[in-house]
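Raw contents of start-v7.csv, CSV, C-alpha atoms and all ligand atoms:
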chain,number,residue,atom,x,y,z
E,1442,MET,CA,-159.6,31.6,-24.7
E,1443,SER,CA,-160.9,30.2,-21.5
E,1444,SER,CA,-161.8,33.1,-19.2
E,1445,GLU,CA,-159.9,31.6,-16.2
E,1446,PHE,CA,-156.6,32.2,-18.1
E,1447,SER,CA,-157.4,35.7,-19.2
E,1448,ASP,CA,-155.6,39.0,-18.7
E,1449,SER,CA,-153.6,41.2,-21.1
E,1450,TRP,CA,-150.4,39.2,-20.4
E,1451,SER,CA,-152.0,35.8,-20.9
E,1452,GLU,CA,-154.0,37.0,-23.8
E,1453,TRP,CA,-150.8,38.0,-25.6
E,1454,LEU,CA,-148.6,35.0,-24.6
E,1455,LEU,CA,-151.2,32.4,-25.3
E,1456,HIS,CA,-152.9,34.0,-28.4
E,1457,ARG,CA,-151.9,37.4,-29.8
E,1458,ARG,CA,-148.2,36.6,-30.1
E,1459,HIS,CA,-148.9,34.1,-32.9
E,1460,GLY,CA,-152.1,35.8,-34.2
E,1461,GLY,CA,-154.2,32.6,-33.8
E,1462,ASP,CA,-152.2,30.6,-36.4
E,1463,ALA,CA,-151.1,27.1,-35.4
E,1464,GLU,CA,-148.2,27.0,-37.9
E,1465,PHE,CA,-146.9,30.4,-37.0
E,1466,GLU,CA,-147.2,29.4,-33.3
E,1467,ARG,CA,-144.8,26.4,-34.0
E,1468,SER,CA,-142.3,28.8,-35.7
E,1469,VAL,CA,-142.5,31.3,-32.8
E,1470,ARG,CA,-142.1,28.4,-30.3
E,1471,SER,CA,-139.1,27.1,-32.0
E,1472,ASN,CA,-137.4,30.5,-32.0
E,1473,ILE,CA,-138.2,31.2,-28.3
E,1474,THR,CA,-137.2,27.7,-27.2
E,1475,ARG,CA,-133.8,28.6,-28.7
E,1476,ASP,CA,-133.8,31.8,-26.6
E,1477,ALA,CA,-134.8,29.8,-23.5
E,1478,ASP,CA,-131.8,27.4,-24.2
E,1479,ARG,CA,-129.5,30.3,-24.5
E,1480,VAL,CA,-130.7,31.8,-21.1
E,1481,LEU,CA,-130.4,28.3,-19.5
E,1482,ASP,CA,-126.9,27.8,-20.9
E,1483,GLY,CA,-125.9,31.0,-19.1
E,1484,ALA,CA,-127.5,29.8,-15.8
E,1485,ARG,CA,-125.3,26.7,-15.6
E,1486,LEU,CA,-127.8,24.6,-13.8
E,1487,GLU,CA,-126.9,21.2,-12.2
E,1488,PRO,CA,-129.0,18.5,-10.6
E,1489,GLY,CA,-130.3,19.3,-7.2
E,1490,MET,CA,-130.2,23.1,-7.7
E,1491,THR,CA,-133.1,25.6,-7.3
E,1492,LEU,CA,-133.9,28.0,-10.1
E,1493,ALA,CA,-136.1,31.2,-9.8
E,1494,ASP,CA,-137.6,32.0,-13.2
E,1495,ILE,CA,-138.9,35.5,-12.8
E,1496,GLY,CA,-141.8,36.6,-15.0
E,1497,THR,CA,-142.2,33.0,-16.0
E,1498,GLY,CA,-145.2,33.6,-18.4
E,1499,ASP,CA,-146.4,30.3,-19.8
E,1500,GLY,CA,-143.3,28.6,-18.2
E,1501,LEU,CA,-141.1,28.5,-21.3
E,1502,VAL,CA,-137.8,28.8,-19.5
E,1503,ALA,CA,-138.8,27.0,-16.3
E,1504,PHE,CA,-140.3,23.9,-18.0
E,1505,ARG,CA,-137.4,23.8,-20.4
E,1506,ALA,CA,-135.0,23.8,-17.4
E,1507,ILE,CA,-136.8,20.8,-15.9
E,1508,GLU,CA,-136.7,19.0,-19.3
E,1509,ARG,CA,-132.9,19.6,-19.4
E,1510,ILE,CA,-132.0,18.8,-15.8
E,1511,GLY,CA,-134.7,16.4,-14.7
E,1512,ALA,CA,-136.5,15.5,-11.5
E,1513,SER,CA,-134.0,16.9,-9.0
E,1514,LEU,CA,-134.3,20.5,-10.2
E,1515,ASN,CA,-136.6,22.8,-8.1
E,1516,VAL,CA,-138.1,25.7,-9.8
E,1517,LEU,CA,-139.8,28.9,-8.4
E,1518,MET,CA,-142.0,30.4,-11.0
E,1519,THR,CA,-143.0,34.0,-10.4
E,1520,ASP,CA,-145.2,36.3,-12.3
E,1521,ILE,CA,-147.3,39.4,-11.9
E,1522,SER,CA,-150.2,37.7,-13.8
E,1523,VAL,CA,-152.5,35.4,-11.8
E,1524,PRO,CA,-154.0,33.8,-14.9
E,1525,LEU,CA,-150.6,32.8,-16.1
E,1526,LEU,CA,-149.6,31.4,-12.7
E,1527,GLU,CA,-152.8,29.3,-12.9
E,1528,TYR,CA,-152.0,28.3,-16.4
E,1529,VAL,CA,-148.4,27.1,-15.4
E,1530,GLN,CA,-149.7,25.3,-12.4
E,1531,ALA,CA,-152.2,23.4,-14.5
E,1532,GLU,CA,-149.5,22.7,-17.1
E,1533,ALA,CA,-147.0,21.5,-14.4
E,1534,SER,CA,-149.7,19.1,-13.1
E,1535,GLN,CA,-150.3,17.8,-16.6
E,1536,ARG,CA,-146.6,17.2,-17.0
E,1537,GLY,CA,-146.4,15.4,-13.7
E,1538,ILE,CA,-143.8,17.8,-12.3
E,1539,LEU,CA,-146.0,19.7,-9.7
E,1540,ALA,CA,-143.8,18.6,-6.8
E,1541,GLN,CA,-140.8,20.4,-8.3
E,1542,CYS,CA,-142.5,23.7,-8.9
E,1543,LYS,CA,-143.6,26.6,-6.7
E,1544,PHE,CA,-145.8,29.4,-8.0
E,1545,LEU,CA,-145.3,32.9,-6.6
E,1546,HIS,CA,-147.3,36.0,-7.4
E,1547,GLY,CA,-145.6,39.3,-7.5
E,1548,SER,CA,-143.5,41.9,-9.3
E,1549,ALA,CA,-139.9,41.2,-10.2
E,1550,ASP,CA,-138.8,44.2,-8.2
E,1551,VAL,CA,-140.4,43.0,-4.9
E,1552,LEU,CA,-139.7,39.3,-4.4
E,1553,ASN,CA,-140.8,39.2,-0.7
E,1554,ASP,CA,-141.9,35.5,-0.9
E,1555,ILE,CA,-138.3,34.4,-1.6
E,1556,ASP,CA,-135.7,34.3,1.2
E,1557,ASP,CA,-132.2,35.7,1.0
E,1558,ASP,CA,-129.6,33.3,-0.6
E,1559,ALA,CA,-132.4,30.9,-1.5
E,1560,VAL,CA,-131.7,29.9,-5.1
E,1561,ASN,CA,-128.7,28.9,-7.3
E,1562,ALA,CA,-129.8,30.6,-10.4
E,1563,VAL,CA,-132.2,33.4,-11.5
E,1564,THR,CA,-133.5,33.7,-15.1
E,1565,THR,CA,-135.6,36.2,-17.0
E,1566,ARG,CA,-136.6,36.2,-20.6
E,1567,SER,CA,-138.4,39.3,-22.0
E,1568,VAL,CA,-139.6,40.5,-18.5
E,1569,LEU,CA,-137.5,43.4,-17.4
E,1570,ALA,CA,-138.8,45.5,-20.3
E,1571,TYR,CA,-142.1,45.6,-18.4
E,1572,VAL,CA,-140.7,46.2,-14.9
E,1573,GLU,CA,-141.0,49.8,-13.6
E,1574,ASP,CA,-138.0,49.7,-11.3
E,1575,LYS,CA,-135.3,47.7,-13.1
E,1576,PRO,CA,-132.4,48.5,-10.7
E,1577,ALA,CA,-134.6,47.3,-7.8
E,1578,ALA,CA,-135.3,44.0,-9.7
E,1579,LEU,CA,-131.6,43.5,-10.2
E,1580,ARG,CA,-131.1,44.1,-6.4
E,1581,GLU,CA,-133.8,41.5,-5.6
E,1582,PHE,CA,-132.2,38.9,-8.0
E,1583,HIS,CA,-128.9,39.5,-6.2
E,1584,ARG,CA,-130.5,39.2,-2.7
E,1585,ILE,CA,-132.3,35.8,-3.5
E,1586,LEU,CA,-129.2,34.2,-5.0
E,1587,ARG,CA,-126.8,32.2,-3.0
E,1588,PRO,CA,-123.1,33.4,-3.1
E,1589,GLY,CA,-121.7,32.0,-6.3
E,1590,GLY,CA,-125.2,31.9,-7.9
E,1591,ARG,CA,-125.8,32.8,-11.5
E,1592,LEU,CA,-128.0,35.4,-13.1
E,1593,SER,CA,-128.9,34.8,-16.8
E,1594,ILE,CA,-131.2,37.0,-18.7
E,1595,GLY,CA,-132.3,37.5,-22.3
E,1596,GLU,CA,-134.1,40.9,-22.7
E,1597,PRO,CA,-135.4,42.8,-25.7
E,1598,VAL,CA,-134.2,46.4,-26.1
E,1599,MET,CA,-137.0,48.3,-27.9
E,1600,ARG,CA,-135.6,51.8,-27.8
E,1601,ASP,CA,-134.8,51.7,-31.5
E,1602,ASP,CA,-138.4,50.6,-32.4
E,1603,ALA,CA,-139.6,53.7,-30.6
E,1604,LEU,CA,-137.0,55.9,-32.3
E,1605,GLU,CA,-138.3,54.7,-35.7
E,1606,VAL,CA,-141.8,55.8,-34.7
E,1607,CYS,CA,-140.5,59.2,-33.4
E,1608,ALA,CA,-138.8,59.6,-36.8
E,1609,LEU,CA,-142.0,58.7,-38.7
E,1610,LYS,CA,-143.9,61.3,-36.6
E,1611,LYS,CA,-141.4,64.0,-37.5
E,1612,LEU,CA,-141.7,63.0,-41.2
E,1613,VAL,CA,-145.5,63.2,-41.0
E,1614,SER,CA,-145.5,66.6,-39.2
E,1615,ALA,CA,-143.3,68.0,-42.0
E,1616,GLN,CA,-145.7,66.9,-44.8
E,1617,PRO,CA,-148.0,69.5,-46.5
E,1618,VAL,CA,-151.6,69.2,-45.1
E,1619,ASP,CA,-152.9,68.0,-48.5
E,1620,SER,CA,-150.4,65.1,-48.8
E,1621,ASP,CA,-151.4,61.4,-49.1
E,1622,PRO,CA,-152.9,60.5,-45.7
E,1623,PHE,CA,-151.3,57.0,-45.8
E,1624,PHE,CA,-148.3,58.0,-43.7
E,1625,SER,CA,-150.3,59.7,-41.0
E,1626,MET,CA,-152.4,56.6,-40.8
E,1627,LEU,CA,-149.3,54.5,-40.6
E,1628,LEU,CA,-148.2,56.7,-37.7
E,1629,ARG,CA,-151.6,56.3,-36.0
E,1630,TRP,CA,-151.1,52.5,-36.0
E,1631,ARG,CA,-147.4,52.5,-35.0
E,1632,SER,CA,-147.8,55.1,-32.3
E,1633,ALA,CA,-150.5,52.9,-30.7
E,1634,GLN,CA,-147.7,50.3,-30.2
E,1635,PHE,CA,-144.6,52.4,-29.4
E,1636,PRO,CA,-144.0,55.9,-28.0
E,1637,ASP,CA,-143.8,58.5,-30.7
E,1638,THR,CA,-141.9,61.2,-28.8
E,1639,GLU,CA,-138.5,61.0,-27.1
E,1640,ASP,CA,-139.9,62.3,-23.9
E,1641,GLU,CA,-142.5,59.6,-23.8
E,1642,MET,CA,-139.9,57.0,-24.8
E,1643,ARG,CA,-137.7,58.1,-21.8
E,1644,ALA,CA,-140.7,57.9,-19.4
E,1645,LEU,CA,-141.9,54.4,-20.4
E,1646,PRO,CA,-140.3,51.2,-18.8
E,1647,LEU,CA,-140.6,49.5,-22.2
E,1648,THR,CA,-138.2,51.9,-23.9
E,1649,ASN,CA,-136.4,53.8,-21.2
E,1650,TYR,CA,-133.2,51.6,-21.1
E,1651,GLY,CA,-130.5,50.2,-23.3
E,1652,GLU,CA,-128.2,47.3,-23.0
E,1653,ARG,CA,-125.5,49.3,-21.2
E,1654,ASP,CA,-128.1,50.3,-18.5
E,1655,LEU,CA,-128.6,46.6,-17.8
E,1656,VAL,CA,-124.8,46.2,-17.1
E,1657,ARG,CA,-124.9,49.2,-14.8
E,1658,TYR,CA,-127.9,47.9,-12.9
E,1659,ALA,CA,-126.1,44.5,-12.4
E,1660,LEU,CA,-122.9,46.3,-11.2
E,1661,ASP,CA,-124.8,48.5,-8.9
E,1662,ALA,CA,-126.7,45.5,-7.4
E,1663,GLY,CA,-123.4,43.9,-6.5
E,1664,PHE,CA,-122.9,41.3,-9.3
E,1665,SER,CA,-119.5,40.4,-10.7
E,1666,GLU,CA,-118.3,38.5,-13.8
E,1667,ILE,CA,-120.8,40.4,-15.8
E,1668,HIS,CA,-120.9,39.5,-19.5
E,1669,LEU,CA,-123.4,41.1,-22.0
E,1670,GLU,CA,-123.8,40.3,-25.6
E,1671,PHE,CA,-126.1,42.6,-27.7
E,1672,HIS,CA,-127.5,40.9,-30.8
E,1673,ILE,CA,-129.2,42.7,-33.6
E,1674,ASP,CA,-130.9,40.5,-36.2
E,1675,VAL,CA,-132.5,42.1,-39.2
E,1676,LEU,CA,-134.4,39.3,-40.9
E,1677,THR,CA,-137.1,38.9,-43.5
E,1678,GLU,CA,-140.3,38.8,-41.6
E,1679,ASP,CA,-141.9,35.4,-41.5
E,1680,ILE,CA,-145.5,36.3,-40.7
E,1681,PRO,CA,-147.4,33.9,-43.0
E,1682,THR,CA,-150.7,35.6,-43.8
E,1683,TRP,CA,-152.5,38.9,-43.7
E,1684,GLU,CA,-154.8,37.6,-41.0
E,1685,VAL,CA,-151.9,36.8,-38.7
E,1686,PHE,CA,-150.4,40.2,-39.5
E,1687,LEU,CA,-153.7,41.8,-38.5
E,1688,ASN,CA,-154.0,39.9,-35.2
E,1689,ASN,CA,-150.5,39.9,-34.0
E,1690,SER,CA,-148.6,42.6,-32.1
E,1691,PRO,CA,-144.9,43.2,-31.3
E,1692,HIS,CA,-145.1,43.0,-27.5
E,1693,PRO,CA,-147.8,42.3,-24.8
E,1694,LEU,CA,-148.6,46.0,-24.2
E,1695,ALA,CA,-149.2,46.7,-27.9
E,1696,PRO,CA,-152.6,46.4,-29.5
E,1697,SER,CA,-153.0,44.4,-32.7
E,1698,LEU,CA,-153.4,46.2,-36.0
E,1699,ASP,CA,-156.9,44.9,-36.2
E,1700,TYR,CA,-157.7,46.5,-32.8
E,1701,VAL,CA,-156.2,49.8,-33.8
E,1702,LEU,CA,-158.2,49.8,-37.1
E,1703,LYS,CA,-161.4,49.1,-35.2
E,1704,THR,CA,-160.9,51.6,-32.5
E,1705,ARG,CA,-158.8,54.5,-34.0
E,1706,PHE,CA,-160.0,54.5,-37.6
E,1707,THR,CA,-163.3,55.4,-39.1
E,1708,PRO,CA,-164.7,52.8,-41.5
E,1709,ASP,CA,-163.8,55.1,-44.5
E,1710,GLU,CA,-160.3,55.5,-43.2
E,1711,ARG,CA,-159.9,51.7,-42.8
E,1712,GLU,CA,-161.2,51.2,-46.3
E,1713,PHE,CA,-158.5,53.5,-47.6
E,1714,PHE,CA,-155.6,52.3,-45.4
E,1715,GLU,CA,-156.0,48.6,-45.1
E,1716,PRO,CA,-155.8,47.6,-48.8
E,1717,LYS,CA,-152.7,49.7,-49.3
E,1718,LEU,CA,-150.9,48.2,-46.3
E,1719,ARG,CA,-152.1,44.7,-47.3
E,1720,SER,CA,-150.7,45.1,-50.8
E,1721,LEU,CA,-147.3,46.1,-49.3
E,1722,PHE,CA,-147.5,43.1,-46.9
E,1723,GLU,CA,-148.3,40.8,-49.8
E,1724,LYS,CA,-145.4,42.0,-51.9
E,1725,GLY,CA,-143.2,40.4,-49.2
E,1726,GLY,CA,-139.6,41.0,-48.5
E,1727,ARG,CA,-140.2,43.2,-45.4
E,1728,PHE,CA,-137.5,43.2,-42.8
E,1729,GLY,CA,-138.0,43.1,-39.0
E,1730,ALA,CA,-135.3,43.8,-36.5
E,1731,SER,CA,-134.9,42.1,-33.2
E,1732,ARG,CA,-132.5,43.6,-30.6
E,1733,MET,CA,-131.7,41.3,-27.7
E,1734,ALA,CA,-129.4,41.8,-24.7
E,1735,TRP,CA,-128.0,38.5,-23.3
E,1736,MET,CA,-126.5,39.0,-19.9
E,1737,THR,CA,-124.9,36.7,-17.3
E,1738,ALA,CA,-123.5,37.6,-14.0
E,1739,THR,CA,-122.4,36.0,-10.7
E,1740,LYS,CA,-123.2,36.9,-7.1
E,1741,PRO,CA,-119.7,37.0,-5.5
E,1742,GLU,CA,-118.8,34.3,-2.9
E,1743,THR,CA,-118.0,36.9,-0.2
I,1,LIG,C1,-143.1,38.6,-22.9
I,1,LIG,S1,-143.7,37.7,-21.5
I,1,LIG,C2,-142.3,36.6,-21.3
I,1,LIG,C3,-142.8,35.4,-20.5
I,1,LIG,C4,-141.7,34.3,-20.3
I,1,LIG,N1,-140.6,34.8,-19.5
I,1,LIG,C5,-141.1,33.8,-21.6
I,1,LIG,O1,-139.9,33.8,-21.8
I,1,LIG,O2,-141.9,33.4,-22.5
I,1,LIG,C6,-143.6,38.8,-20.2
I,1,LIG,C7,-143.9,38.2,-18.8
I,1,LIG,O3,-143.6,39.2,-17.8
I,1,LIG,C8,-144.6,39.2,-16.8
I,1,LIG,N2,-144.5,40.5,-16.1
I,1,LIG,C9,-144.9,41.7,-16.6
I,1,LIG,N3,-144.6,42.6,-15.7
I,1,LIG,C10,-144.0,42.0,-14.6
I,1,LIG,C11,-143.4,42.4,-13.4
I,1,LIG,N4,-143.4,43.7,-13.0
I,1,LIG,N5,-142.9,41.5,-12.6
I,1,LIG,C12,-142.9,40.2,-13.0
I,1,LIG,N6,-143.4,39.7,-14.1
I,1,LIG,C13,-143.9,40.6,-15.0
I,1,LIG,C14,-145.9,39.0,-17.7
I,1,LIG,O4,-147.0,38.6,-16.9
I,1,LIG,C15,-145.4,38.0,-18.7
I,1,LIG,O5,-145.6,36.7,-18.2

Written as structure tokens, that's how I'd like the structure from this file.
Ligand SMILES: C[S@@+](CC[C@H](N)C(=O)[O-])C[C@H]1O[C@@H](n2cnc3c(N)ncnc32)[C@H](O)[C@@H]1O
Amino acid sequence: MSSEFSDSWSEWLLHRRHGGDAEFERSVRSNITRDADRVLDGARLEPGMTLADIGTGDGLVAFRAIERIGASLNVLMTDISVPLLEYVQAEASQRGILAQCKFLHGSADVLNDIDDDAVNAVTTRSVLAYVEDKPAALREFHRILRPGGRLSIGEPVMRDDALEVCALKKLVSAQPVDSDPFFSMLLRWRSAQFPDTEDEMRALPLTNYGERDLVRYALDAGFSEIHLEFHIDVLTEDIPTWEVFLNNSPHPLAPSLDYVLKTRFTPDEREFFEPKLRSLFEKGGRFGASRMAWMTATKPET
């Protein structure tokens, strides 16, 4: 990775999300482009409008919006990551759409660079999970929207992933001390990626909310016509190789398995654990669950 585009957000979005595998990257991109289209359908954009894509990342939703609407759409791309804003600026220039784009640095809950009633639509995809003060973010989205403007978000809900790790911790704690260490090592890996106690889960922005909370934040911020669909998809995992499995992680704040093995395991422990996990991986047929909240809402006209 070029150092100019490097922080933990850019490292995950541009590399770790697809574990360095070009074919898997194509499959990930096809899935997330479908997600972006779903978010944009909810935004109901039209020519001449202005969209604020909050936590724009590598520009997935914002660039897709320009592809769909064309040269008359203006897009404000905001992010907390300077390297990602530099990345999308370079990408916009390469696409010849720089004049339609503005790049704004800051957190989703403090959008000081955007005026009141400035935009026709606000989108986020997989951003609120990382925002400390989600009710404040929803208030900011409401403030910057013009009356009649649309909010459309697609957000993962990762509370159940954490609950699974909490359950694994309880199981491991109940094991006799001389039992097979595989499960306690499995826990060591999983608890590096998700909280392993309910207290920690409730304290962490990543896992301290559910889909109903998103509806409440939208209502409290003043939105109307709120519609939320919660989708749970339990699918056979499509990670193609062990190397991709090793180098990939489930969200930007989670270390890869390889990193956990390097930093939290002794060489002997790794030698014990990795072949067992690899053989389970190579048997195939593992399921992965994705839980997504798709919410649209309108800022009332008066
Ligand atoms: C999982 S990525 C999603 C990126 C993009 N929206 C997409 O759909 O591909 C999360 C993004 O949220 C940004 N982010 C994290 N915390 C943020 C915050 N407090 N405010 C705004 N953006 C934030 C990260 O820099 C990253 O670009």

Residues at most 10 Å from Ala1730 (chain E), counting only C-alpha atoms, excluding those fewer than 3 positions away in the same chain, as a PyMOL selection string? chain E and resi 1599+1601-1602+1673-1678+1733

Taking 4 positions as the minimum chain separation for residues in the same chain, which residues sit within 6 Å of region 1562-1570 of chain E when counting all atoms listed in the file? Answer as JSON, numbers by chain. {"E": [1484, 1492, 1493, 1494, 1495, 1496, 1590, 1591, 1592, 1593, 1594, 1595, 1596, 1597, 1647]}

Between E:Arg1600, E:Arg1505, E:Lys1717, E:Arg1643, smallest distance to ligand LIG 1 (chain I) by all atoms listed in the file belongs to E:Arg1505

CA of Arg1580 (chain E) to CA of Glu1527 (chain E), straight-line distance in Å: 27.1 Å

Exercise: Arg1711 (chain E) partners within 12 Å, all atoms listed in the file, chain neighbours under 2 positions left out, as a compact mmCIF listing (two decimals) with C-alpha atoms, keeping the file's coordinate frame:
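Saved file out_7.txt follows:
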# COMPACT_ATOMS: atom_id res chain seq x y z
CA PRO E 1622 -152.90 60.50 -45.70
CA PHE E 1623 -151.30 57.00 -45.80
CA MET E 1626 -152.40 56.60 -40.80
CA LEU E 1627 -149.30 54.50 -40.60
CA ARG E 1629 -151.60 56.30 -36.00
CA TRP E 1630 -151.10 52.50 -36.00
CA LEU E 1698 -153.40 46.20 -36.00
CA ASP E 1699 -156.90 44.90 -36.20
CA TYR E 1700 -157.70 46.50 -32.80
CA VAL E 1701 -156.20 49.80 -33.80
CA LEU E 1702 -158.20 49.80 -37.10
CA LYS E 1703 -161.40 49.10 -35.20
CA THR E 1704 -160.90 51.60 -32.50
CA ARG E 1705 -158.80 54.50 -34.00
CA PHE E 1706 -160.00 54.50 -37.60
CA THR E 1707 -163.30 55.40 -39.10
CA PRO E 1708 -164.70 52.80 -41.50
CA ASP E 1709 -163.80 55.10 -44.50
CA PHE E 1713 -158.50 53.50 -47.60
CA PHE E 1714 -155.60 52.30 -45.40
CA GLU E 1715 -156.00 48.60 -45.10
CA PRO E 1716 -155.80 47.60 -48.80
CA LYS E 1717 -152.70 49.70 -49.30
CA LEU E 1718 -150.90 48.20 -46.30
CA ARG E 1719 -152.10 44.70 -47.30

At what distance in Å, to one decimal, does CA of Thr1648 (chain E) lie from CA of Gly1726 (chain E)? 26.9 Å

Atoms added to region 1621-1647 of chain E (N, CA and C atoms), reported as a compact mmCIF listing (two decimals), keeping the file's coordinate frame:
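The resulting file, selection-v9.txt, is reproduced below:
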# COMPACT_ATOMS: atom_id res chain seq x y z
N ASP E 1621 -150.77 62.75 -49.24
CA ASP E 1621 -151.40 61.40 -49.10
C ASP E 1621 -151.50 61.05 -47.62
N PRO E 1622 -152.72 60.75 -47.14
CA PRO E 1622 -152.90 60.50 -45.70
C PRO E 1622 -152.31 59.12 -45.24
N PHE E 1623 -151.76 58.32 -46.19
CA PHE E 1623 -151.30 57.00 -45.80
C PHE E 1623 -150.29 57.04 -44.66
N PHE E 1624 -149.32 57.97 -44.75
CA PHE E 1624 -148.30 58.00 -43.70
C PHE E 1624 -148.78 58.43 -42.36
N SER E 1625 -149.74 59.35 -42.36
CA SER E 1625 -150.30 59.70 -41.00
C SER E 1625 -151.09 58.60 -40.44
N MET E 1626 -151.70 57.79 -41.30
CA MET E 1626 -152.40 56.60 -40.80
C MET E 1626 -151.46 55.54 -40.29
N LEU E 1627 -150.36 55.40 -41.05
CA LEU E 1627 -149.30 54.50 -40.60
C LEU E 1627 -148.82 54.85 -39.22
N LEU E 1628 -148.63 56.15 -39.04
CA LEU E 1628 -148.20 56.70 -37.70
C LEU E 1628 -149.23 56.37 -36.66
N ARG E 1629 -150.50 56.52 -37.01
CA ARG E 1629 -151.60 56.30 -36.00
C ARG E 1629 -151.48 54.85 -35.48
N TRP E 1630 -151.22 53.92 -36.41
CA TRP E 1630 -151.10 52.50 -36.00
C TRP E 1630 -149.82 52.30 -35.17
N ARG E 1631 -148.67 52.77 -35.69
CA ARG E 1631 -147.40 52.50 -35.00
C ARG E 1631 -147.31 53.20 -33.65
N SER E 1632 -147.93 54.40 -33.56
CA SER E 1632 -147.80 55.10 -32.30
C SER E 1632 -148.79 54.53 -31.23
N ALA E 1633 -149.67 53.62 -31.65
CA ALA E 1633 -150.50 52.90 -30.70
C ALA E 1633 -149.62 51.75 -30.05
N GLN E 1634 -148.48 51.41 -30.71
CA GLN E 1634 -147.70 50.30 -30.20
C GLN E 1634 -146.37 50.70 -29.57
N PHE E 1635 -145.85 51.87 -29.96
CA PHE E 1635 -144.60 52.40 -29.40
C PHE E 1635 -144.74 53.88 -29.14
N PRO E 1636 -143.98 54.43 -28.16
CA PRO E 1636 -144.00 55.90 -28.00
C PRO E 1636 -143.59 56.62 -29.22
N ASP E 1637 -144.18 57.80 -29.45
CA ASP E 1637 -143.80 58.50 -30.70
C ASP E 1637 -143.11 59.85 -30.38
N THR E 1638 -142.76 60.09 -29.09
CA THR E 1638 -141.90 61.20 -28.80
C THR E 1638 -140.78 60.75 -27.88
N GLU E 1639 -139.66 61.46 -27.94
CA GLU E 1639 -138.50 61.00 -27.10
C GLU E 1639 -138.79 61.15 -25.65
N ASP E 1640 -139.59 62.16 -25.27
CA ASP E 1640 -139.90 62.30 -23.90
C ASP E 1640 -140.73 61.10 -23.36
N GLU E 1641 -141.71 60.71 -24.18
CA GLU E 1641 -142.50 59.60 -23.80
C GLU E 1641 -141.68 58.28 -23.74
N MET E 1642 -140.78 58.18 -24.70
CA MET E 1642 -139.90 57.00 -24.80
C MET E 1642 -139.03 56.91 -23.51
N ARG E 1643 -138.54 58.06 -23.04
CA ARG E 1643 -137.70 58.10 -21.80
C ARG E 1643 -138.50 57.77 -20.57
N ALA E 1644 -139.83 58.03 -20.64
CA ALA E 1644 -140.70 57.90 -19.40
C ALA E 1644 -141.18 56.41 -19.31
N LEU E 1645 -141.18 55.66 -20.40
CA LEU E 1645 -141.90 54.40 -20.40
C LEU E 1645 -140.89 53.21 -20.08
N PRO E 1646 -141.23 52.34 -19.11
CA PRO E 1646 -140.30 51.20 -18.80
C PRO E 1646 -139.95 50.39 -20.02
N LEU E 1647 -140.85 50.27 -20.98
CA LEU E 1647 -140.60 49.50 -22.20
C LEU E 1647 -139.42 49.99 -23.01
